[in-house]
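Structure file structure-v7.pdb with PDB, C-alpha atoms and all ligand atoms:
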```pdb
ATOM      1  CA  MET A   1       4.135  46.851  -8.862  1.00  0.00           C
ATOM      2  CA  ALA A   2       6.458  43.864  -8.671  1.00  0.00           C
ATOM      3  CA  LYS A   3       5.129  40.531  -9.728  1.00  0.00           C
ATOM      4  CA  THR A   4       5.088  38.106  -6.850  1.00  0.00           C
ATOM      5  CA  THR A   5       4.045  34.521  -6.545  1.00  0.00           C
ATOM      6  CA  SER A   6       1.748  34.101  -3.617  1.00  0.00           C
ATOM      7  CA  PHE A   7       1.574  31.062  -1.421  1.00  0.00           C
ATOM      8  CA  ALA A   8      -1.919  30.400  -2.760  1.00  0.00           C
ATOM      9  CA  GLU A   9      -0.630  30.224  -6.326  1.00  0.00           C
ATOM     10  CA  LYS A  10       2.106  27.814  -5.347  1.00  0.00           C
ATOM     11  CA  ALA A  11      -0.357  25.662  -3.455  1.00  0.00           C
ATOM     12  CA  ALA A  12      -2.720  25.650  -6.424  1.00  0.00           C
ATOM     13  CA  LYS A  13       0.065  24.465  -8.715  1.00  0.00           C
ATOM     14  CA  ALA A  14       1.028  21.722  -6.281  1.00  0.00           C
ATOM     15  CA  MET A  15      -2.559  20.543  -6.090  1.00  0.00           C
ATOM     16  CA  ALA A  16      -2.903  20.578  -9.873  1.00  0.00           C
ATOM     17  CA  GLY A  17       0.070  18.268 -10.162  1.00  0.00           C
ATOM     18  CA  LYS A  18      -1.632  15.660  -8.030  1.00  0.00           C
ATOM     19  CA  LYS A  19      -5.012  15.891  -9.663  1.00  0.00           C
ATOM     20  CA  GLY A  20      -6.519  12.983 -11.542  1.00  0.00           C
ATOM     21  CA  SER A  21      -6.385  10.425  -8.762  1.00  0.00           C
ATOM     22  CA  GLU A  22      -9.942  10.489  -7.557  1.00  0.00           C
ATOM     23  CA  CYS A  23     -12.416   7.694  -8.006  1.00  0.00           C
ATOM     24  CA  PRO A  24     -15.178   8.683 -10.429  1.00  0.00           C
ATOM     25  CA  LYS A  25     -17.677   6.620  -8.430  1.00  0.00           C
ATOM     26  CA  CYS A  26     -17.174   7.648  -4.814  1.00  0.00           C
ATOM     27  CA  GLY A  27     -14.978  10.714  -5.254  1.00  0.00           C
ATOM     28  CA  GLU A  28     -12.443   9.444  -2.754  1.00  0.00           C
ATOM     29  CA  PRO A  29      -8.762   9.880  -3.523  1.00  0.00           C
ATOM     30  CA  LEU A  30      -7.273   6.750  -5.030  1.00  0.00           C
ATOM     31  CA  GLN A  31      -4.279   5.209  -3.338  1.00  0.00           C
ATOM     32  CA  ASN A  32      -1.662   3.260  -5.207  1.00  0.00           C
ATOM     33  CA  VAL A  33      -1.192  -0.009  -3.380  1.00  0.00           C
ATOM     34  CA  LEU A  34       1.435  -2.580  -4.232  1.00  0.00           C
ATOM     35  CA  VAL A  35      -0.142  -5.998  -4.555  1.00  0.00           C
ATOM     36  CA  ILE A  36       1.909  -9.145  -4.888  1.00  0.00           C
ATOM     37  CA  THR A  37       0.206 -12.123  -6.457  1.00  0.00           C
ATOM     38  CA  SER A  38       1.633 -15.600  -6.945  1.00  0.00           C
ATOM     39  CA  GLU A  39       1.165 -17.525 -10.120  1.00  0.00           C
ATOM     40  CA  LYS A  40       1.937 -21.206 -10.530  1.00  0.00           C
ATOM     41  CA  ASN A  41       4.433 -21.936 -13.213  1.00  0.00           C
ATOM     42  CA  ASP A  42       5.075 -25.522 -14.310  1.00  0.00           C
ATOM     43  CA  LYS A  43       8.765 -25.067 -14.948  1.00  0.00           C
ATOM     44  CA  HIS A  44       9.831 -22.694 -12.231  1.00  0.00           C
ATOM     45  CA  GLY A  45       7.378 -23.296  -9.429  1.00  0.00           C
ATOM     46  CA  TYR A  46       5.747 -20.098  -8.324  1.00  0.00           C
ATOM     47  CA  LYS A  47       6.204 -16.811 -10.014  1.00  0.00           C
ATOM     48  CA  TYR A  48       5.476 -13.597  -8.174  1.00  0.00           C
ATOM     49  CA  ASN A  49       3.959 -10.607  -9.818  1.00  0.00           C
ATOM     50  CA  GLU A  50       4.093  -7.159  -8.317  1.00  0.00           C
ATOM     51  CA  ARG A  51       1.689  -4.556  -9.508  1.00  0.00           C
ATOM     52  CA  PHE A  52       0.251  -1.303  -8.336  1.00  0.00           C
ATOM     53  CA  ILE A  53      -3.483  -0.993  -8.222  1.00  0.00           C
ATOM     54  CA  LYS A  54      -5.573   2.009  -7.347  1.00  0.00           C
ATOM     55  CA  VAL A  55      -7.651   1.488  -4.237  1.00  0.00           C
ATOM     56  CA  CYS A  56     -10.594   3.428  -2.860  1.00  0.00           C
ATOM     57  CA  LYS A  57     -13.711   2.596  -0.862  1.00  0.00           C
ATOM     58  CA  CYS A  58     -15.256   0.835  -3.877  1.00  0.00           C
ATOM     59  CA  ASN A  59     -12.697  -1.953  -4.027  1.00  0.00           C
ATOM     60  CA  GLU A  60     -10.718  -1.874  -0.775  1.00  0.00           C
ATOM     61  CA  LYS A  61     -12.625  -4.869   0.611  1.00  0.00           C
ATOM     62  CA  GLU A  62     -11.694  -6.971  -2.395  1.00  0.00           C
ATOM     63  CA  VAL A  63      -8.088  -5.834  -2.351  1.00  0.00           C
ATOM     64  CA  TYR A  64      -7.462  -6.381   1.358  1.00  0.00           C
ATOM     65  CA  ALA A  65      -9.524  -9.561   1.617  1.00  0.00           C
TER      66      ALA A  65
HETATM   67 ZN    ZN J 101     -14.424   4.556  -5.419  1.00  0.00          ZN
END
```
Rendering of file as structure tokens:
Amino acid sequence: MAKTTSFAEKAAKAMAGKKGSECPKCGEPLQNVLVITSEKNDKHGYKYNERFIKVCKCNEKEVYA
């Protein structure tokens, strides 16, 4: 019998690759959101920082406020 890779196996591998992005508190998938914050700098005026933060139901209100 020839060895075949079923669709289910492929799907399982794809899912495994994305695992690890769930909030331990609410179990919702975490979304990477780009947040830009400004920081006052005496010499150069304002400096902008871009960072990705993981957002779920636990902190979305704080992030989008
Ligand atoms: Zn959460």
Each chain A residue no farther than 12 Å from ligand ZN 101 (chain J), nearest pair in Å, all atoms listed in the file, as CSV:
```
residue,atom,partner,partner_atom,distance
A:Ser21,CA,J:ZN101,ZN,10.5
A:Glu22,CA,J:ZN101,ZN,7.7
A:Cys23,CA,J:ZN101,ZN,4.5
A:Pro24,CA,J:ZN101,ZN,6.5
A:Lys25,CA,J:ZN101,ZN,4.9
A:Cys26,CA,J:ZN101,ZN,4.2
A:Gly27,CA,J:ZN101,ZN,6.2
A:Glu28,CA,J:ZN101,ZN,5.9
A:Pro29,CA,J:ZN101,ZN,8.0
A:Leu30,CA,J:ZN101,ZN,7.5
A:Gln31,CA,J:ZN101,ZN,10.4
A:Lys54,CA,J:ZN101,ZN,9.4
A:Val55,CA,J:ZN101,ZN,7.5
A:Cys56,CA,J:ZN101,ZN,4.7
A:Lys57,CA,J:ZN101,ZN,5.0
A:Cys58,CA,J:ZN101,ZN,4.1
A:Asn59,CA,J:ZN101,ZN,6.9
A:Glu60,CA,J:ZN101,ZN,8.8
A:Lys61,CA,J:ZN101,ZN,11.3
```
Which residues are close to Arg51 (chain A), i.e. within 9 Å by only C-alpha atoms, leaving aside same-chain residues fewer than 4 positions away? Reply as a ChimeraX atom specification.
/A:33-37
Can I get the selected residues back with C-alpha atoms, as an mmCIF file, keeping the file's coordinate frame?
```cif
data_model
loop_
_atom_site.group_PDB
_atom_site.id
_atom_site.type_symbol
_atom_site.label_atom_id
_atom_site.label_comp_id
_atom_site.auth_asym_id
_atom_site.auth_seq_id
_atom_site.Cartn_x
_atom_site.Cartn_y
_atom_site.Cartn_z
ATOM 1 C CA VAL A 33 -1.192 -0.009 -3.380
ATOM 2 C CA LEU A 34 1.435 -2.580 -4.232
ATOM 3 C CA VAL A 35 -0.142 -5.998 -4.555
ATOM 4 C CA ILE A 36 1.909 -9.145 -4.888
ATOM 5 C CA THR A 37 0.206 -12.123 -6.457
#
```
Please indicate the distance in Å from CA of Ala65 (chain A) to CA of Asn49 (chain A), rounded to one decimal place.
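That distance, rounded to one decimal, is 17.7 Å.
From CA of Ala12 (chain A) back to CA of Asn32 (chain A), the distance works out to 22.4 Å.
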What is the CA of Glu50 (chain A)-CA of Val63 (chain A) distance in Å, reported with one decimal?
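Atom-to-atom, CA of Glu50 (chain A) to CA of Val63 (chain A), that is 13.6 Å.
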